[in-house]
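Student: The following block contains the structure, expressed as structure tokens.
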Amino acid sequence: MNHMDVWSAPEERHKGWYLDLMAPNTKGPNYAWLDPSRLYCNAEGLQDCVKDLLQPFQGDSIDIVAGIDAMGFILGSIIAAFLKKGFLVLRKAGHLCVKTKALNFTDYSRREKTIEVCTDVLKKGCRVLLVDQWIETGGTMKAAIKLVEDQGAVVAGIAAICIENSEIGKWIKENYKYSHCVPEHLQGEFDAHYLKSFALYQSNSP
């Protein structure tokens, strides 16, 4: 499949084939190192991504899906619809007009941020599937986990397109049931922030 073609899918769709649809950063260090959202434009890619993320949770008890602001809203809401569950937003500070619980953290860009959630949804024992687009340093997800658990709810699972093997990424994998789309043999490329597929992307760029 031509790497630039977001409208087609290969005849044999192996796990993670859609990762080749992701585009490398061309705007410099102030941006994330790649654009995962490009794969959402491919209908088969998006569907297979969601199916792969949910495979480890087949038969698990999940009461609600929670997505992290902002890109986690996309995958999270799709997963919630697929599971026929409700969807809870975990937002950056200053956007929720109701009573909230908040937590400060440092994100992948090393900036101090605050994440918050409304206080009248999560109950003791409520089982939550936490979803974000990407887990790089893991600061955002760790804050989300604490927000959920501080209200007595249970993190039933954590799902993201990629969970990098950062310090917190490893901690997540060791302590929670998780799912991501990266095959083991490609994990090193993702941790190094350069995919071999980028060369194909660049060779087909206009």
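Just so we're on the same page: first chain in the structure tokens is A, next is B, and so on; residues restart at 1 for each chain, and ligands are numbered from 1 in the order they show up.
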Neighbouring residues of A:Leu54 were defined as those with any atom within 12 Å, considering only C-alpha atoms; residues of the same chain fewer than 2 positions away were excluded. Please report them as a ChimeraX atom specification.
Tutor: /A:47-52,56-60,62,65,75-76,78-80,82-83,129-131,157-161,177-181
Student: I need the residues in stretch 65-203 of chain A that are strand (DSSP E or B) according to DSSP; give them as a count of residues only.
Tutor: 42
Student: Report, in Å to a single decimal, how far apart atom CA of A:Val182 and atom CA of A:Pro24 are.
Tutor: 16.3 Å
Student: Looking only at helix (DSSP H, G or I) from DSSP on the backbone, list the matching residues of stretch 51-123 of chain A as a PyMOL selection string.
Tutor: chain A and resi 51-57+72-83
Student: Emit the selected residues as a compact mmCIF listing (two decimals), in the first residue's frame, including all heavy atoms.
Tutor:
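Writing the result to out21.txt gives the following:
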```
# COMPACT_ATOMS: atom_id res chain seq x y z
N LYS A 51 -10.74 -2.34 17.21
CA LYS A 51 -10.88 -3.77 17.51
C LYS A 51 -9.64 -4.32 18.20
O LYS A 51 -9.73 -5.11 19.15
CB LYS A 51 -11.15 -4.55 16.22
CG LYS A 51 -12.53 -4.31 15.63
CD LYS A 51 -12.69 -5.04 14.30
CE LYS A 51 -14.04 -4.74 13.68
NZ LYS A 51 -14.18 -5.38 12.33
N ASP A 52 -8.46 -3.90 17.74
CA ASP A 52 -7.22 -4.36 18.36
C ASP A 52 -7.11 -3.86 19.80
O ASP A 52 -6.66 -4.59 20.69
CB ASP A 52 -6.01 -3.89 17.55
CG ASP A 52 -5.85 -4.65 16.23
OD1 ASP A 52 -6.47 -5.71 16.08
OD2 ASP A 52 -5.10 -4.16 15.36
N LEU A 53 -7.50 -2.62 20.02
CA LEU A 53 -7.43 -2.06 21.37
C LEU A 53 -8.37 -2.78 22.33
O LEU A 53 -8.06 -2.94 23.51
CB LEU A 53 -7.76 -0.57 21.33
CG LEU A 53 -6.68 0.35 20.78
CD1 LEU A 53 -7.19 1.78 20.70
CD2 LEU A 53 -5.43 0.30 21.66
N LEU A 54 -9.51 -3.22 21.84
CA LEU A 54 -10.50 -3.84 22.71
C LEU A 54 -10.30 -5.34 22.90
O LEU A 54 -10.87 -5.94 23.81
CB LEU A 54 -11.91 -3.58 22.17
CG LEU A 54 -12.42 -2.16 22.34
CD1 LEU A 54 -13.77 -1.99 21.69
CD2 LEU A 54 -12.49 -1.79 23.82
N GLN A 55 -9.48 -5.95 22.05
CA GLN A 55 -9.32 -7.40 22.11
C GLN A 55 -8.95 -7.93 23.50
O GLN A 55 -9.55 -8.91 23.98
CB GLN A 55 -8.29 -7.84 21.06
CG GLN A 55 -8.32 -9.32 20.72
CD GLN A 55 -7.63 -10.17 21.77
OE1 GLN A 55 -6.65 -9.74 22.37
NE2 GLN A 55 -8.12 -11.39 21.98
N PRO A 56 -8.01 -7.32 24.21
CA PRO A 56 -7.66 -7.84 25.53
C PRO A 56 -8.76 -7.71 26.58
O PRO A 56 -8.69 -8.34 27.64
CB PRO A 56 -6.44 -6.99 25.94
CG PRO A 56 -5.90 -6.44 24.65
CD PRO A 56 -7.11 -6.21 23.81
N PHE A 57 -9.76 -6.87 26.30
CA PHE A 57 -10.81 -6.62 27.29
C PHE A 57 -12.10 -7.37 26.99
O PHE A 57 -13.14 -7.09 27.60
CB PHE A 57 -11.08 -5.12 27.38
CG PHE A 57 -9.86 -4.30 27.67
CD1 PHE A 57 -9.31 -3.45 26.71
CD2 PHE A 57 -9.22 -4.39 28.90
CE1 PHE A 57 -8.19 -2.70 26.97
CE2 PHE A 57 -8.08 -3.64 29.17
CZ PHE A 57 -7.56 -2.80 28.20
N GLY A 72 -7.69 11.96 23.12
CA GLY A 72 -8.32 10.77 23.69
C GLY A 72 -9.82 10.78 23.56
O GLY A 72 -10.48 9.74 23.71
N PHE A 73 -10.40 11.97 23.28
CA PHE A 73 -11.84 12.05 23.07
C PHE A 73 -12.25 11.27 21.82
O PHE A 73 -13.35 10.71 21.76
CB PHE A 73 -12.28 13.50 22.90
CG PHE A 73 -12.16 14.34 24.15
CD1 PHE A 73 -12.33 15.70 24.09
CD2 PHE A 73 -11.88 13.76 25.38
CE1 PHE A 73 -12.24 16.49 25.23
CE2 PHE A 73 -11.78 14.53 26.53
CZ PHE A 73 -11.96 15.91 26.45
N ILE A 74 -11.40 11.26 20.80
CA ILE A 74 -11.75 10.60 19.54
C ILE A 74 -11.86 9.09 19.74
O ILE A 74 -12.91 8.48 19.55
CB ILE A 74 -10.73 10.94 18.44
CG1 ILE A 74 -10.70 12.44 18.18
CG2 ILE A 74 -11.06 10.18 17.15
CD1 ILE A 74 -9.58 12.89 17.27
N LEU A 75 -10.74 8.49 20.14
CA LEU A 75 -10.74 7.04 20.35
C LEU A 75 -11.70 6.64 21.46
O LEU A 75 -12.41 5.64 21.36
CB LEU A 75 -9.33 6.55 20.68
CG LEU A 75 -8.37 6.30 19.53
CD1 LEU A 75 -7.04 5.81 20.06
CD2 LEU A 75 -8.94 5.30 18.53
N GLY A 76 -11.70 7.42 22.54
CA GLY A 76 -12.54 7.06 23.67
C GLY A 76 -14.01 7.04 23.34
O GLY A 76 -14.73 6.12 23.74
N SER A 77 -14.49 8.04 22.62
CA SER A 77 -15.91 8.08 22.29
C SER A 77 -16.29 6.97 21.31
O SER A 77 -17.38 6.40 21.39
CB SER A 77 -16.30 9.45 21.73
OG SER A 77 -15.53 9.77 20.58
N ILE A 78 -15.38 6.67 20.38
CA ILE A 78 -15.65 5.56 19.45
C ILE A 78 -15.72 4.24 20.19
O ILE A 78 -16.60 3.41 19.95
CB ILE A 78 -14.59 5.52 18.34
CG1 ILE A 78 -14.69 6.76 17.46
CG2 ILE A 78 -14.73 4.26 17.49
CD1 ILE A 78 -13.54 6.91 16.48
N ILE A 79 -14.78 4.03 21.12
CA ILE A 79 -14.77 2.81 21.91
C ILE A 79 -16.02 2.71 22.78
O ILE A 79 -16.63 1.64 22.89
CB ILE A 79 -13.49 2.75 22.77
CG1 ILE A 79 -12.28 2.43 21.88
CG2 ILE A 79 -13.62 1.72 23.89
CD1 ILE A 79 -10.94 2.52 22.59
N ALA A 80 -16.43 3.83 23.36
CA ALA A 80 -17.65 3.82 24.17
C ALA A 80 -18.86 3.43 23.35
O ALA A 80 -19.71 2.64 23.78
CB ALA A 80 -17.86 5.20 24.81
N ALA A 81 -18.96 3.98 22.14
CA ALA A 81 -20.08 3.64 21.26
C ALA A 81 -20.04 2.16 20.88
O ALA A 81 -21.07 1.48 20.85
CB ALA A 81 -20.04 4.51 20.00
N PHE A 82 -18.83 1.65 20.59
CA PHE A 82 -18.68 0.24 20.23
C PHE A 82 -19.12 -0.67 21.38
O PHE A 82 -19.77 -1.69 21.18
CB PHE A 82 -17.22 -0.03 19.87
CG PHE A 82 -16.97 -1.40 19.29
CD1 PHE A 82 -17.02 -1.61 17.92
CD2 PHE A 82 -16.67 -2.48 20.12
CE1 PHE A 82 -16.79 -2.88 17.40
CE2 PHE A 82 -16.45 -3.73 19.60
CZ PHE A 82 -16.51 -3.94 18.24
N LEU A 83 -18.76 -0.28 22.62
CA LEU A 83 -19.11 -1.08 23.80
C LEU A 83 -20.52 -0.80 24.31
O LEU A 83 -20.98 -1.47 25.23
CB LEU A 83 -18.11 -0.80 24.92
CG LEU A 83 -16.66 -1.22 24.69
CD1 LEU A 83 -15.79 -0.75 25.86
CD2 LEU A 83 -16.56 -2.74 24.53
```
Student: Using only C-alpha atoms, which protein or nucleic acid residues come within 10 Å of A:Ser109? Drop anything in the same chain fewer than 2 positions from it, and give the result as number ranges by chain.
Tutor: A: 29-32, 106-107, 111-112, 136-137
Student: Would you export the selected residues with N, CA and C atoms as a JSON list (two decimals), in the first residue's frame, please?
Tutor:
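Wrote it out as selection-v5.json, contents follow:
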```
[["chain", "number", "residue", "atom", "x", "y", "z"],
["A", 29, "PRO", "N", 10.47, 20.93, 16.56],
["A", 29, "PRO", "CA", 10.42, 20.38, 17.92],
["A", 29, "PRO", "C", 9.28, 20.87, 18.80],
["A", 30, "ASN", "N", 8.56, 21.89, 18.40],
["A", 30, "ASN", "CA", 7.43, 22.34, 19.21],
["A", 30, "ASN", "C", 6.20, 21.47, 19.03],
["A", 31, "TYR", "N", 6.29, 20.46, 18.16],
["A", 31, "TYR", "CA", 5.17, 19.57, 17.88],
["A", 31, "TYR", "C", 5.51, 18.15, 18.29],
["A", 32, "ALA", "N", 4.48, 17.33, 18.42],
["A", 32, "ALA", "CA", 4.70, 15.90, 18.68],
["A", 32, "ALA", "C", 5.48, 15.29, 17.51],
["A", 106, "THR", "N", 2.92, 16.97, 34.83],
["A", 106, "THR", "CA", 3.83, 17.42, 33.77],
["A", 106, "THR", "C", 3.63, 16.52, 32.57],
["A", 107, "ASP", "N", 3.35, 17.10, 31.39],
["A", 107, "ASP", "CA", 3.07, 16.28, 30.21],
["A", 107, "ASP", "C", 4.36, 15.99, 29.43],
["A", 111, "ARG", "N", 5.66, 20.54, 30.16],
["A", 111, "ARG", "CA", 4.89, 21.69, 30.64],
["A", 111, "ARG", "C", 3.97, 21.27, 31.78],
["A", 112, "GLU", "N", 3.83, 22.16, 32.76],
["A", 112, "GLU", "CA", 2.94, 21.91, 33.88],
["A", 112, "GLU", "C", 1.49, 22.15, 33.44],
["A", 136, "GLU", "N", 3.34, 8.78, 26.05],
["A", 136, "GLU", "CA", 4.77, 8.97, 25.82],
["A", 136, "GLU", "C", 5.50, 8.95, 27.17],
["A", 137, "THR", "N", 5.60, 10.08, 27.84],
["A", 137, "THR", "CA", 6.22, 10.07, 29.17],
["A", 137, "THR", "C", 5.28, 9.48, 30.21]]
```
Student: Between A:Ala66, A:Ala192, A:Leu147, A:Ala156, which is the closest to A:Lys101 once you count only C-alpha atoms?
Tutor: A:Leu147
Student: So, with only C-alpha atoms as the atoms that count, which of A:His193, A:Gly94, A:Ile68, A:Cys126 lies closest to A:Ala153?
Tutor: A:Cys126
Student: Identify, on the basis of only C-alpha atoms, every residue whose closest approach to stretch 3-18 of chain A does not exceed 7 Å; exclude the query and any residue fewer than 4 positions from it along the same chain; express the result as an MDAnalysis selection string.
Tutor: chainID A and resid 39 41:42 44:45 181:183 200:201 204
Student: Go ahead and dump the residues you just picked, all heavy atoms, as a CSV table (one decimal), in the first residue's frame.
Tutor:
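What landed in result13.csv:
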```
chain,number,residue,atom,x,y,z
A,39,LEU,N,-4.3,8.1,10.7
A,39,LEU,CA,-4.9,6.8,10.5
A,39,LEU,C,-6.4,6.8,10.7
A,39,LEU,O,-7.1,5.9,10.1
A,39,LEU,CB,-4.3,5.7,11.4
A,39,LEU,CG,-4.6,5.6,12.9
A,39,LEU,CD1,-5.9,4.9,13.1
A,39,LEU,CD2,-3.4,5.0,13.6
A,41,CYS,N,-8.4,8.7,9.3
A,41,CYS,CA,-9.1,9.0,8.1
A,41,CYS,C,-9.4,7.8,7.2
A,41,CYS,O,-10.2,7.9,6.3
A,41,CYS,CB,-8.2,10.0,7.2
A,41,CYS,SG,-7.8,11.5,8.1
A,42,ASN,N,-8.7,6.7,7.6
A,42,ASN,CA,-8.9,5.4,6.8
A,42,ASN,C,-10.0,4.6,7.6
A,42,ASN,O,-9.8,4.2,8.7
A,42,ASN,CB,-7.6,4.7,6.7
A,42,ASN,CG,-7.7,3.4,5.9
A,42,ASN,OD1,-8.4,2.5,6.3
A,42,ASN,ND2,-7.0,3.4,4.8
A,44,GLU,N,-11.1,1.5,7.3
A,44,GLU,CA,-10.7,0.2,7.8
A,44,GLU,C,-9.6,0.3,8.9
A,44,GLU,O,-9.6,-0.5,9.9
A,44,GLU,CB,-10.2,-0.7,6.6
A,44,GLU,CG,-11.2,-1.1,5.6
A,44,GLU,CD,-11.4,0.0,4.5
A,44,GLU,OE1,-10.9,1.1,4.7
A,44,GLU,OE2,-12.2,-0.3,3.6
A,45,GLY,N,-8.8,1.3,8.7
A,45,GLY,CA,-7.7,1.5,9.7
A,45,GLY,C,-8.3,1.8,11.1
A,45,GLY,O,-7.9,1.3,12.1
A,181,CYS,N,-1.5,-0.8,20.2
A,181,CYS,CA,-1.5,-1.4,18.9
A,181,CYS,C,-0.1,-1.7,18.3
A,181,CYS,O,0.0,-2.2,17.2
A,181,CYS,CB,-2.2,-0.4,17.9
A,181,CYS,SG,-3.9,0.0,18.4
A,182,VAL,N,0.9,-1.5,19.1
A,182,VAL,CA,2.3,-1.6,18.6
A,182,VAL,C,2.8,-3.1,18.8
A,182,VAL,O,2.9,-3.5,19.9
A,182,VAL,CB,3.2,-0.7,19.3
A,182,VAL,CG1,4.7,-0.9,18.8
A,182,VAL,CG2,2.8,0.8,19.1
A,183,PRO,N,3.1,-3.8,17.7
A,183,PRO,CA,3.7,-5.1,17.8
A,183,PRO,C,5.0,-5.0,18.5
A,183,PRO,O,5.7,-4.0,18.4
A,183,PRO,CB,3.9,-5.6,16.3
A,183,PRO,CG,3.0,-4.7,15.5
A,183,PRO,CD,2.9,-3.4,16.3
A,200,LEU,N,9.3,5.8,3.7
A,200,LEU,CA,8.4,5.6,2.6
A,200,LEU,C,7.4,6.9,2.5
A,200,LEU,O,7.1,7.3,1.4
A,200,LEU,CB,7.5,4.4,2.8
A,200,LEU,CG,6.5,4.0,1.7
A,200,LEU,CD1,7.2,3.8,0.4
A,200,LEU,CD2,5.7,2.8,2.2
A,201,TYR,N,7.0,7.4,3.6
A,201,TYR,CA,6.2,8.6,3.6
A,201,TYR,C,6.9,9.7,2.9
A,201,TYR,O,6.4,10.4,2.1
A,201,TYR,CB,5.9,9.0,5.0
A,201,TYR,CG,5.0,10.2,5.2
A,201,TYR,CD1,3.6,10.1,5.3
A,201,TYR,CD2,5.6,11.5,5.2
A,201,TYR,CE1,2.8,11.2,5.4
A,201,TYR,CE2,4.8,12.6,5.3
A,201,TYR,CZ,3.4,12.5,5.4
A,201,TYR,OH,2.7,13.6,5.5
A,204,ASN,N,7.3,9.6,-0.8
A,204,ASN,CA,6.0,9.9,-1.6
A,204,ASN,C,5.5,11.3,-1.4
A,204,ASN,O,4.4,11.6,-1.8
A,204,ASN,CB,5.0,8.8,-1.2
A,204,ASN,CG,5.3,7.5,-1.8
A,204,ASN,OD1,4.9,7.2,-3.0
A,204,ASN,ND2,5.9,6.6,-1.1
```
Student: Looking at A:Ile64, A:Ile135, A:Met71, A:Val117, which one is nearest to A:Asp150, with distances taken over only C-alpha atoms?
Tutor: A:Val117
